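Participant: The following file, query-v4.cif, comprises mmCIF, C-alpha atoms (C1' of nucleotides):
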```cif
data_structure
#
loop_
_atom_site.label_atom_id
_atom_site.label_comp_id
_atom_site.auth_asym_id
_atom_site.auth_seq_id
_atom_site.Cartn_x
_atom_site.Cartn_y
_atom_site.Cartn_z
CA MET X 18 -6.20 4.27 -31.23
CA GLN X 19 -4.01 6.38 -29.07
CA LEU X 20 -4.33 6.95 -25.39
CA THR X 21 -4.75 10.41 -23.92
CA ARG X 22 -3.76 11.94 -20.65
CA GLU X 23 -7.41 11.84 -19.67
CA ASP X 24 -7.55 8.10 -20.25
CA TRP X 25 -4.89 7.63 -17.61
CA ILE X 26 -6.74 9.92 -15.20
CA LYS X 27 -10.00 8.06 -15.73
CA ALA X 28 -8.30 4.72 -15.30
CA GLY X 29 -6.74 6.02 -12.10
CA LEU X 30 -10.11 7.18 -10.77
CA GLN X 31 -11.72 3.90 -11.73
CA GLN X 32 -9.01 2.01 -9.93
CA LEU X 33 -9.47 4.32 -6.94
CA ALA X 34 -13.18 3.50 -6.88
CA ASP X 35 -12.65 -0.23 -7.35
CA GLU X 36 -9.56 -0.97 -5.29
CA GLY X 37 -8.57 2.13 -3.34
CA ILE X 38 -5.80 4.66 -3.67
CA HIS X 39 -3.06 2.19 -2.80
CA LYS X 40 -3.72 0.21 -5.94
CA VAL X 41 -3.49 3.23 -8.20
CA ARG X 42 -0.04 2.14 -9.41
CA ILE X 43 1.49 3.07 -12.71
CA GLU X 44 2.33 -0.46 -13.80
CA ALA X 45 -1.04 -1.81 -12.69
CA LEU X 46 -2.88 0.87 -14.68
CA ALA X 47 -0.66 0.17 -17.68
CA ARG X 48 -1.71 -3.48 -17.51
CA LEU X 49 -5.37 -2.48 -17.31
CA LEU X 50 -4.97 -0.16 -20.28
CA LYS X 51 -2.98 -2.83 -22.12
CA ILE X 52 -0.12 -0.51 -22.74
CA SER X 53 3.43 -0.21 -21.50
CA LYS X 54 4.32 2.12 -18.70
CA GLY X 55 6.70 3.97 -20.99
CA SER X 56 3.63 5.72 -22.29
CA PHE X 57 2.67 6.95 -18.84
CA TYR X 58 5.82 9.01 -18.46
CA HIS X 59 5.00 10.69 -21.71
CA TYR X 60 1.93 12.27 -20.12
CA PHE X 61 2.97 12.63 -16.48
CA ARG X 62 6.16 13.54 -14.74
CA ASP X 63 5.64 10.97 -12.02
CA HIS X 64 3.09 9.11 -9.92
CA GLN X 65 2.22 12.14 -7.81
CA GLU X 66 1.28 14.16 -10.87
CA LEU X 67 -1.30 11.53 -11.77
CA LEU X 68 -2.78 11.68 -8.27
CA ASP X 69 -2.95 15.48 -8.42
CA SER X 70 -4.65 15.34 -11.79
CA MET X 71 -7.15 12.78 -10.55
CA LEU X 72 -8.18 15.03 -7.69
CA ASP X 73 -8.48 18.05 -10.00
CA TYR X 74 -10.60 16.06 -12.38
CA TRP X 75 -12.90 14.74 -9.67
CA GLU X 76 -13.23 18.15 -8.04
CA ILE X 77 -14.53 19.61 -11.28
CA HIS X 78 -16.79 16.74 -12.23
CA ALA X 79 -18.26 16.03 -8.81
CA THR X 80 -18.67 19.27 -6.92
CA LYS X 81 -19.69 21.44 -9.82
CA LEU X 82 -22.57 19.11 -10.54
CA ILE X 83 -23.96 19.41 -7.03
CA VAL X 84 -23.63 23.18 -6.88
CA GLN X 85 -25.21 23.56 -10.31
CA SER X 86 -28.15 21.41 -9.41
CA MET X 87 -28.57 23.62 -6.36
CA GLU X 88 -28.67 26.75 -8.44
CA GLN X 89 -31.74 25.57 -10.22
CA GLN X 90 -34.42 27.27 -8.19
CA ASP X 91 -36.66 24.25 -7.93
CA ALA X 92 -34.28 22.16 -5.83
CA SER X 93 -35.83 20.89 -2.63
CA LEU X 94 -34.00 19.68 0.43
CA GLU X 95 -35.35 16.21 -0.02
CA GLN X 96 -34.24 16.12 -3.65
CA LEU X 97 -30.74 17.30 -2.83
CA LEU X 98 -30.34 14.80 -0.02
CA GLN X 99 -31.61 12.05 -2.26
CA ILE X 100 -29.17 13.08 -4.98
CA SER X 101 -26.30 13.19 -2.52
CA PHE X 102 -27.15 9.81 -1.10
CA ASN X 103 -27.28 8.18 -4.50
CA ARG X 104 -24.58 9.30 -6.90
CA ASP X 105 -21.09 8.06 -7.50
CA LYS X 106 -20.82 6.30 -4.20
CA LYS X 107 -17.81 4.14 -4.93
CA MET X 108 -15.77 6.95 -6.37
CA GLU X 109 -16.72 9.31 -3.61
CA ILE X 110 -15.91 6.98 -0.74
CA GLY X 111 -12.66 6.20 -2.52
CA ILE X 112 -11.78 9.87 -2.32
CA TYR X 113 -12.79 10.11 1.34
CA THR X 114 -10.69 7.10 2.21
CA TRP X 115 -7.81 8.52 0.22
CA ALA X 116 -8.09 11.69 2.28
CA LYS X 117 -7.35 9.63 5.40
CA TYR X 118 -3.90 8.96 3.99
CA ASP X 119 -3.14 12.29 2.33
CA PRO X 120 -3.47 15.62 4.16
CA VAL X 121 -3.56 17.59 0.91
CA VAL X 122 -6.59 15.64 -0.24
CA ALA X 123 -8.13 16.05 3.20
CA ALA X 124 -7.70 19.81 3.06
CA ARG X 125 -9.27 20.10 -0.36
CA LEU X 126 -12.19 17.99 0.81
CA VAL X 127 -12.81 20.48 3.59
CA ASP X 128 -13.45 23.24 1.06
CA MET X 129 -15.80 21.07 -0.95
CA GLU X 130 -17.74 19.81 2.04
CA GLU X 131 -18.22 23.29 3.47
CA GLN X 132 -19.73 24.31 0.14
CA ARG X 133 -22.06 21.38 0.20
CA ILE X 134 -23.02 21.98 3.79
CA SER X 135 -23.95 25.57 3.13
CA CYS X 136 -26.07 24.45 0.19
CA VAL X 137 -28.00 22.14 2.46
CA ALA X 138 -28.24 24.82 5.13
CA LYS X 139 -29.90 27.17 2.66
CA LEU X 140 -32.51 24.57 1.92
CA TYR X 141 -33.19 24.10 5.62
CA GLN X 142 -33.73 27.83 5.82
CA LYS X 143 -36.20 27.60 2.96
CA ILE X 144 -38.38 25.35 5.08
CA GLY X 145 -38.32 27.75 7.97
CA ILE X 146 -35.34 26.84 10.11
CA ASP X 147 -33.41 29.82 11.38
CA GLU X 148 -29.90 30.39 10.12
CA ASN X 149 -27.83 29.11 13.04
CA GLU X 150 -29.82 25.96 13.49
CA SER X 151 -29.91 25.33 9.75
CA ILE X 152 -26.14 25.10 9.65
CA ASP X 153 -26.03 22.64 12.52
CA ARG X 154 -28.73 20.55 10.89
CA ALA X 155 -26.88 20.64 7.59
CA ARG X 156 -23.72 19.43 9.31
CA LEU X 157 -25.66 16.63 10.92
CA ALA X 158 -27.12 15.60 7.57
CA TYR X 159 -23.69 15.74 5.97
CA LEU X 160 -22.03 13.61 8.63
CA THR X 161 -24.83 11.10 8.31
CA TYR X 162 -24.16 11.01 4.59
CA VAL X 163 -20.46 10.36 5.11
CA GLY X 164 -21.20 7.65 7.65
CA TRP X 165 -23.67 6.07 5.31
CA MET X 166 -21.15 6.08 2.45
CA THR X 167 -18.69 4.35 4.74
CA ARG X 168 -20.97 1.57 5.88
CA PHE X 169 -23.85 0.94 3.50
CA GLU X 170 -21.96 -1.54 1.36
CA ALA X 171 -20.95 -3.72 4.28
CA ASN X 172 -24.23 -3.39 6.17
CA PRO X 173 -27.47 -3.28 4.19
CA ASN X 174 -29.57 -2.45 7.26
CA PHE X 175 -29.14 1.28 6.78
CA ASP X 176 -32.25 2.51 5.00
CA ILE X 177 -31.54 5.74 3.27
CA ASP X 178 -35.15 6.81 2.97
CA LYS X 179 -35.63 6.49 6.72
CA MET X 180 -32.51 8.53 7.33
CA VAL X 181 -33.61 11.28 4.98
CA GLU X 182 -37.04 11.32 6.56
CA LEU X 183 -35.61 11.74 10.05
CA LEU X 184 -33.22 14.42 8.87
CA ILE X 185 -36.03 16.42 7.30
CA ASN X 186 -38.94 15.94 9.65
CA ASP X 187 -37.32 16.11 13.06
CA ASN X 188 -37.68 19.83 13.29
CA LYS X 189 -41.38 19.88 12.51
CA CYS X 190 -43.45 19.88 15.64
CA PRO X 191 -47.18 19.39 15.25
CA MET Q 6 13.45 -7.82 28.26
CA GLN Q 7 11.87 -10.12 25.79
CA LEU Q 8 9.11 -9.26 23.39
CA THR Q 9 5.79 -11.05 23.50
CA ARG Q 10 3.22 -11.84 20.87
CA GLU Q 11 1.06 -9.14 22.38
CA ASP Q 12 3.79 -6.55 21.90
CA TRP Q 13 3.66 -7.19 18.16
CA ILE Q 14 -0.13 -6.95 18.15
CA LYS Q 15 -0.06 -3.69 20.07
CA ALA Q 16 2.61 -2.28 17.79
CA GLY Q 17 0.50 -3.29 14.83
CA LEU Q 18 -2.58 -1.59 16.23
CA GLN Q 19 -0.58 1.51 17.08
CA GLN Q 20 0.77 1.63 13.56
CA LEU Q 21 -2.76 1.11 12.26
CA ALA Q 22 -3.94 4.09 14.29
CA ASP Q 23 -0.99 6.28 13.31
CA GLU Q 24 -0.38 5.41 9.68
CA GLY Q 25 -3.14 3.12 8.44
CA ILE Q 26 -3.35 -0.56 7.67
CA HIS Q 27 -1.04 -0.31 4.67
CA LYS Q 28 1.88 0.63 6.87
CA VAL Q 29 1.40 -2.30 9.18
CA ARG Q 30 4.39 -4.09 7.65
CA ILE Q 31 6.49 -6.67 9.39
CA GLU Q 32 9.82 -5.03 8.73
CA ALA Q 33 8.52 -1.58 9.65
CA LEU Q 34 7.18 -2.86 12.97
CA ALA Q 35 10.47 -4.64 13.61
CA ARG Q 36 12.28 -1.33 13.15
CA LEU Q 37 9.86 0.38 15.55
CA LEU Q 38 10.34 -2.36 18.12
CA LYS Q 39 14.10 -2.29 17.52
CA ILE Q 40 14.24 -5.96 16.82
CA SER Q 41 14.84 -8.11 13.79
CA LYS Q 42 12.04 -9.56 11.77
CA GLY Q 43 13.32 -13.06 12.52
CA SER Q 44 11.60 -12.65 15.86
CA PHE Q 45 8.27 -11.93 14.21
CA TYR Q 46 8.11 -15.31 12.52
CA HIS Q 47 8.64 -16.91 15.86
CA TYR Q 48 5.26 -15.60 17.03
CA PHE Q 49 3.26 -15.49 13.80
CA ARG Q 50 3.02 -17.71 10.78
CA ASP Q 51 2.78 -14.78 8.41
CA HIS Q 52 1.58 -11.21 7.93
CA GLN Q 53 -2.08 -12.21 7.73
CA GLU Q 54 -1.94 -13.90 11.10
CA LEU Q 55 -0.83 -10.64 12.67
CA LEU Q 56 -3.74 -8.80 11.05
CA ASP Q 57 -6.20 -11.43 12.28
CA SER Q 58 -4.81 -11.19 15.78
CA MET Q 59 -5.01 -7.42 15.73
CA LEU Q 60 -8.70 -7.54 14.87
CA ASP Q 61 -9.38 -10.16 17.57
CA TYR Q 62 -7.58 -8.04 20.12
CA TRP Q 63 -9.42 -4.88 19.20
CA GLU Q 64 -12.78 -6.62 19.12
CA ILE Q 65 -12.33 -7.74 22.69
CA HIS Q 66 -10.90 -4.52 24.03
CA ALA Q 67 -13.20 -2.12 22.23
CA THR Q 68 -16.66 -3.60 21.96
CA LYS Q 69 -16.76 -5.33 25.32
CA LEU Q 70 -16.07 -2.03 27.00
CA ILE Q 71 -19.03 -0.34 25.37
CA VAL Q 72 -21.42 -3.17 26.07
CA GLN Q 73 -20.29 -3.42 29.66
CA SER Q 74 -20.73 0.27 30.26
CA MET Q 75 -24.22 -0.15 28.86
CA GLU Q 76 -25.06 -2.91 31.28
CA GLN Q 77 -24.56 -0.63 34.19
CA GLN Q 78 -28.10 0.50 34.83
CA ASP Q 79 -27.28 4.16 35.21
CA ALA Q 80 -26.16 4.71 31.61
CA SER Q 81 -27.99 7.53 29.85
CA LEU Q 82 -28.25 8.07 26.12
CA GLU Q 83 -26.33 11.27 26.35
CA GLN Q 84 -23.55 9.61 28.33
CA LEU Q 85 -23.26 6.75 25.87
CA LEU Q 86 -23.19 9.05 22.88
CA GLN Q 87 -20.58 11.21 24.55
CA ILE Q 88 -18.48 8.14 25.33
CA SER Q 89 -18.78 6.89 21.76
CA PHE Q 90 -17.83 10.23 20.32
CA ASN Q 91 -14.77 10.51 22.46
CA ARG Q 92 -12.80 7.31 22.88
CA ASP Q 93 -10.06 5.78 20.86
CA LYS Q 94 -10.83 7.77 17.79
CA LYS Q 95 -7.63 7.16 15.85
CA MET Q 96 -7.66 3.45 16.44
CA GLU Q 97 -11.32 3.18 15.62
CA ILE Q 98 -11.20 5.11 12.38
CA GLY Q 99 -8.13 3.09 11.45
CA ILE Q 100 -10.25 -0.05 11.77
CA TYR Q 101 -13.10 1.45 9.75
CA THR Q 102 -10.74 2.50 6.99
CA TRP Q 103 -9.14 -0.92 7.07
CA ALA Q 104 -12.60 -2.42 6.58
CA LYS Q 105 -12.84 -0.56 3.28
CA TYR Q 106 -9.98 -2.70 1.99
CA ASP Q 107 -10.81 -6.01 3.63
CA PRO Q 108 -14.24 -7.65 3.37
CA VAL Q 109 -13.56 -9.91 6.34
CA VAL Q 110 -12.93 -6.91 8.56
CA ALA Q 111 -16.01 -5.24 7.09
CA ALA Q 112 -18.18 -8.24 7.94
CA ARG Q 113 -16.96 -8.40 11.51
CA LEU Q 114 -17.62 -4.69 11.90
CA VAL Q 115 -21.23 -5.30 10.94
CA ASP Q 116 -21.77 -7.54 13.95
CA MET Q 117 -20.18 -5.05 16.28
CA GLU Q 118 -22.06 -2.06 14.94
CA GLU Q 119 -25.41 -3.83 15.14
CA GLN Q 120 -24.70 -4.50 18.81
CA ARG Q 121 -23.88 -0.89 19.40
CA ILE Q 122 -26.92 0.30 17.51
CA SER Q 123 -29.27 -1.82 19.56
CA CYS Q 124 -27.67 -0.48 22.72
CA VAL Q 125 -28.42 3.05 21.60
CA ALA Q 126 -31.92 2.04 20.51
CA LYS Q 127 -32.68 0.76 24.01
CA LEU Q 128 -31.69 4.09 25.44
CA TYR Q 129 -33.96 5.90 23.01
CA GLN Q 130 -36.77 3.66 24.23
CA LYS Q 131 -35.96 4.60 27.79
CA ILE Q 132 -36.77 8.21 26.98
CA GLY Q 133 -40.08 7.29 25.48
CA ILE Q 134 -39.49 6.61 21.79
CA ASP Q 135 -41.33 3.59 20.48
CA GLU Q 136 -39.36 0.57 19.40
CA ASN Q 137 -39.40 0.93 15.62
CA GLU Q 138 -38.51 4.57 15.65
CA SER Q 139 -35.84 4.03 18.29
CA ILE Q 140 -33.93 1.71 15.96
CA ASP Q 141 -34.05 4.20 13.11
CA ARG Q 142 -32.91 6.97 15.39
CA ALA Q 143 -30.11 4.79 16.71
CA ARG Q 144 -28.97 4.07 13.16
CA LEU Q 145 -29.01 7.78 12.40
CA ALA Q 146 -26.92 8.51 15.49
CA TYR Q 147 -24.52 5.75 14.59
CA LEU Q 148 -24.01 6.93 11.02
CA THR Q 149 -23.44 10.43 12.30
CA TYR Q 150 -20.79 9.04 14.60
CA VAL Q 151 -19.04 7.25 11.75
CA GLY Q 152 -19.16 10.37 9.58
CA TRP Q 153 -17.81 12.44 12.41
CA MET Q 154 -14.93 10.00 12.96
CA THR Q 155 -14.11 10.26 9.29
CA ARG Q 156 -14.04 14.04 9.08
CA PHE Q 157 -13.45 15.70 12.43
CA GLU Q 158 -9.69 15.64 12.16
CA ALA Q 159 -9.58 17.33 8.78
CA ASN Q 160 -12.45 19.74 9.49
CA PRO Q 161 -12.75 21.23 12.97
CA ASN Q 162 -16.12 22.81 12.23
CA PHE Q 163 -18.03 19.76 13.35
CA ASP Q 164 -19.13 20.41 16.93
CA ILE Q 165 -19.84 17.19 18.68
CA ASP Q 166 -21.97 18.72 21.40
CA LYS Q 167 -24.28 20.27 18.84
CA MET Q 168 -24.60 16.96 17.03
CA VAL Q 169 -25.43 15.07 20.21
CA GLU Q 170 -27.95 17.73 21.17
CA LEU Q 171 -29.74 17.47 17.84
CA LEU Q 172 -29.71 13.68 17.99
CA ILE Q 173 -31.29 13.66 21.43
CA ASN Q 174 -33.71 16.55 21.35
CA ASP Q 175 -35.18 16.34 17.88
CA ASN Q 176 -37.90 13.99 18.95
CA LYS Q 177 -39.09 16.12 21.82
CA CYS Q 178 -41.92 18.34 20.78
CA PRO Q 179 -42.98 21.03 23.20
"C1'" DC U 11 26.97 -26.25 35.34
"C1'" DG U 12 25.36 -27.75 31.00
"C1'" DT U 13 22.12 -28.56 27.58
"C1'" DA U 14 17.70 -28.09 25.18
"C1'" DA U 15 14.42 -25.01 23.76
"C1'" DA U 16 13.07 -20.39 22.95
"C1'" DA U 17 14.14 -16.06 21.17
"C1'" DC U 18 16.51 -13.40 18.11
"C1'" DA U 19 19.77 -12.23 14.04
"C1'" DT U 20 21.48 -12.63 9.39
"C1'" DA U 21 21.45 -13.73 4.70
"C1'" DC U 22 19.02 -15.05 0.73
"C1'" DG U 23 15.84 -15.32 -3.36
"C1'" DC U 24 11.66 -13.51 -4.94
"C1'" DT U 25 8.09 -10.06 -6.36
"C1'" DA U 26 6.24 -5.54 -7.32
"C1'" DC U 27 6.90 -1.25 -8.06
"C1'" DC U 28 9.52 3.30 -9.22
"C1'" DG U 29 11.83 6.39 -12.43
"C1'" DT U 30 15.45 6.80 -16.26
"C1'" DA U 31 17.56 5.85 -20.55
"C1'" DT U 32 17.27 4.20 -24.87
"C1'" DT U 33 15.15 2.40 -28.85
"C1'" DT U 34 11.30 1.48 -31.90
"C1'" DT U 35 6.91 2.56 -34.06
"C1'" DA U 36 3.12 5.95 -35.45
"C1'" DT U 37 1.48 10.29 -36.90
"C1'" DT U 38 1.50 14.39 -39.13
"C1'" DG U 39 2.69 18.62 -41.67
"C1'" DG U 40 5.51 20.44 -45.41
"C1'" DC D 8 6.85 10.90 -49.67
"C1'" DC D 9 9.68 11.98 -45.91
"C1'" DA D 10 11.64 14.21 -42.07
"C1'" DA D 11 10.37 15.53 -37.37
"C1'" DT D 12 7.89 14.88 -33.53
"C1'" DA D 13 4.78 12.23 -30.60
"C1'" DA D 14 3.69 7.96 -28.67
"C1'" DA D 15 4.82 3.60 -27.12
"C1'" DA D 16 7.99 -0.29 -25.98
"C1'" DT D 17 11.98 -2.20 -23.84
"C1'" DA D 18 15.66 -2.65 -20.70
"C1'" DC D 19 17.85 -1.25 -16.54
"C1'" DG D 20 19.15 -0.28 -11.65
"C1'" DG D 21 17.23 0.71 -7.33
"C1'" DT D 22 14.06 0.18 -3.10
"C1'" DA D 23 10.97 -2.17 0.01
"C1'" DG D 24 8.77 -5.78 1.48
"C1'" DC D 25 7.74 -11.05 1.92
"C1'" DG D 26 8.81 -15.60 3.66
"C1'" DT D 27 12.55 -19.24 4.28
"C1'" DA D 28 16.75 -21.11 5.82
"C1'" DT D 29 20.19 -21.08 8.74
"C1'" DG D 30 23.08 -19.47 12.41
"C1'" DT D 31 23.67 -17.32 17.03
"C1'" DT D 32 22.46 -15.87 21.63
"C1'" DT D 33 19.43 -16.12 25.85
"C1'" DT D 34 16.77 -18.37 29.07
"C1'" DA D 35 14.98 -22.08 31.79
"C1'" DC D 36 15.73 -25.86 34.40
"C1'" DG D 37 17.29 -30.64 35.63
#
```
Would you mind writing the file's structure down as C-alpha cells?
Facilitator:
Amino acid sequence: MQLTREDWIKAGLQQLADEGIHKVRIEALARLLKISKGSFYHYFRDHQELLDSMLDYWEIHATKLIVQSMEQQDASLEQLLQISFNRDKKMEIGIYTWAKYDPVVAARLVDMEEQRISCVAKLYQKIGIDENESIDRARLAYLTYVGWMTRFEANPNFDIDKMVELLINDNKCP
Amino acid sequence: MQLTREDWIKAGLQQLADEGIHKVRIEALARLLKISKGSFYHYFRDHQELLDSMLDYWEIHATKLIVQSMEQQDASLEQLLQISFNRDKKMEIGIYTWAKYDPVVAARLVDMEEQRISCVAKLYQKIGIDENESIDRARLAYLTYVGWMTRFEANPNFDIDKMVELLINDNKCP
DNA sequence: CGTAAAACATACGCTACCGTATTTTATTGG
DNA sequence: CCAATAAAATACGGTAGCGTATGTTTTACG
C-alpha cells in the first residue's frame, strides 16, 4: 500500500508530539514509516516544506475545531475551558515549543491565540463581565492554559478543575 | 587570560538563553569563546557533564535569590509577582523549554516550582486568604507566569500589570 | 632557570543527517 | 499487454558534531 504526502505530514506531527521538533528528521521518519527516504523527496522539495505543511495541517485541524465548537450557540465558558484544557495536549505543546525555535511558527501562533482569546472573552461577556475586563480575563485564562500545558506532565499537582473554577468564579462577588 | 570551568558553564547558559538547549554544542561554544574544543575536555568529561553543571549553576543562582528575597519580612505579594515576572526571562524560559526535552531537568524543575508556589501561597495568606485557597491561587499565579514567559515575546498583547492586578484583586469582594 | 603539570591545539575516526543523482519497481491508462 | 509515469530504493558527497589520541604551549614553582 502506497504512502501519501499526508502520511508523511502525520508522521511528522506525531514525531513532533512524541519527541519534539528537533527529531522531525527525514531519515528518522523514513525509518518509522519503514520506507526509504528517496520516497520523501518525491512528495516534498526539502525538509522545510514538510515543516510548513505540518503547520498548515495542524492550523486547519486544531483551530477550526475550537472556533466551530464556539459557534454552536450552546457553548458555555466552562465547557470551552474544559475542552481547551483537555484536547491534543502533546501535539499542542509540541507546537508551542517549536514556536520557541522558529519565529514564523511563533507569528502564526499569535494569530491563532488571539482568535481563541476573543472567543473566551465573548463568553466572559455572556456571564456579565464588561468588554474591557473580559478581554483581560480571557488573556489570563489563556496564559494559565499555556502554563498548564507546559508543566502538567512533569508536575501532577496542578488540578485543572480548581484552575477553571478560579478563572470562572473570581469575578462573582456575593 | 585562561578560561575556567565556570566560563564554559556561563557560555552554555548564555547559549541556552539565546538559541535554546539544542545549540549548546561543544564546538559551537568553543567558537564563541575563541578557543579550541580540546580545552573543553580538560574541564568536562563530556557534553552531558556540561549540561548537568549548567543546571546546578542555574539552580543555585536563580532559586536561591527568590527564596532569599522572600525571607526578608517586607516582601509583598505584588512585589514578588512583579519580581518573578521580570527577571531573567530568556534564561528561565530556556530552562523550561529544555525541560520539555529532558525528564531529569523536568523533575528538578518540579522541586523548584513547588518552593516558589508555597512562597506565593504564604503571601496570599498574609492578605487574608485561607490556607487551602491560597495554594490554589498560588498555583494559578504560577501557571500564568509560565504561560506569560512562553508567549510574551511573540505576542506583545499580554500586559503583565493587568495580569498581576487580576491575580491579586480577584479575591477581594467589596 | 628548568621541569612538571595544566591548559590548549590539532588531527582523526565515527555517526547522523542533508540533498542529489541514478536506478529499480509498481501502477495505470490506452 | 505494454509503454509511460509514479513511487520507492540505492548510492553518493558533503556538513556538523562527538569523543579520543596525541602534540604543543603556558604557567607555576622548587
Participant: If you take all atoms listed in the file and a cut-off of 9 Å, which residues of chain U touch chain X, and what are their nearest atom pairs and distances in Å to one decimal, in chain and number order, as JSON lines?
Facilitator:
```
{"residue": "U:DC27", "atom": "C1'", "partner": "X:Glu44", "partner_atom": "CA", "distance": 7.4}
{"residue": "U:DC28", "atom": "C1'", "partner": "X:His64", "partner_atom": "CA", "distance": 8.7}
{"residue": "U:DG29", "atom": "C1'", "partner": "X:Asp63", "partner_atom": "CA", "distance": 7.7}
```
Participant: I would like the residues chosen by the PyMOL selection byres ((chain U and resi 17) around 9) on the shown file; could you give them as a PyMOL selection string?
Facilitator: (chain Q and resi 7-8+44+47) or (chain U and resi 16+18) or (chain D and resi 32-34)
Participant: Quick check on the file I pasted: which residues fall under the PyMOL selection byres ((chain D) within 10 of (chain Q))? Write them as a ChimeraX atom specification.
Facilitator: /D:23-26,33
Participant: Keeping only C-alpha atoms (C1' of nucleotides), write the selected residues as a tab-separated table (two decimals), keeping the file's coordinate frame.
Facilitator:
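To be explicit, this is the file written out as out.tsv:
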```
chain	number	residue	atom	x	y	z
D	23	DA	C1'	10.97	-2.17	0.01
D	24	DG	C1'	8.77	-5.78	1.48
D	25	DC	C1'	7.74	-11.05	1.92
D	26	DG	C1'	8.81	-15.60	3.66
D	33	DT	C1'	19.43	-16.12	25.85
```
Participant: Leaving out Ala158 of chain X and any residue of its chain fewer than 6 positions from it, which residues lie within 9 Å of it when counting all atoms listed in the file, given as an MDAnalysis selection string?
Facilitator: (chainID X and resid 98 134 137 180:181 184:185) or (chainID Q and resid 149)
Participant: When the PyMOL selection byres ((chain Q) within 6 of (chain X)) is applied to the file above, which residues end up in the set, as an NGL selection string?
Facilitator: :Q and (111 or 115 or 148-149 or 151-153 or 159-160 or 175 or 178)
Participant: Pull the neighbourhood of (-28.0, 28.5, -0.5) for me: all residues within 12 Å in file coordinates, counting all atoms listed in the file, as a PyMOL selection string.
Facilitator: chain X and resi 83-90+92-94+97+131-143+148+151-152+155
Participant: Counting all atoms listed in the file, what is within 12 Å of DA14 of chain U, bar same-chain residues fewer than 3 positions away, as a list in words?
Facilitator: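 The residues satisfying every condition are DT34, DA35, DC36 and DG37 of chain D.
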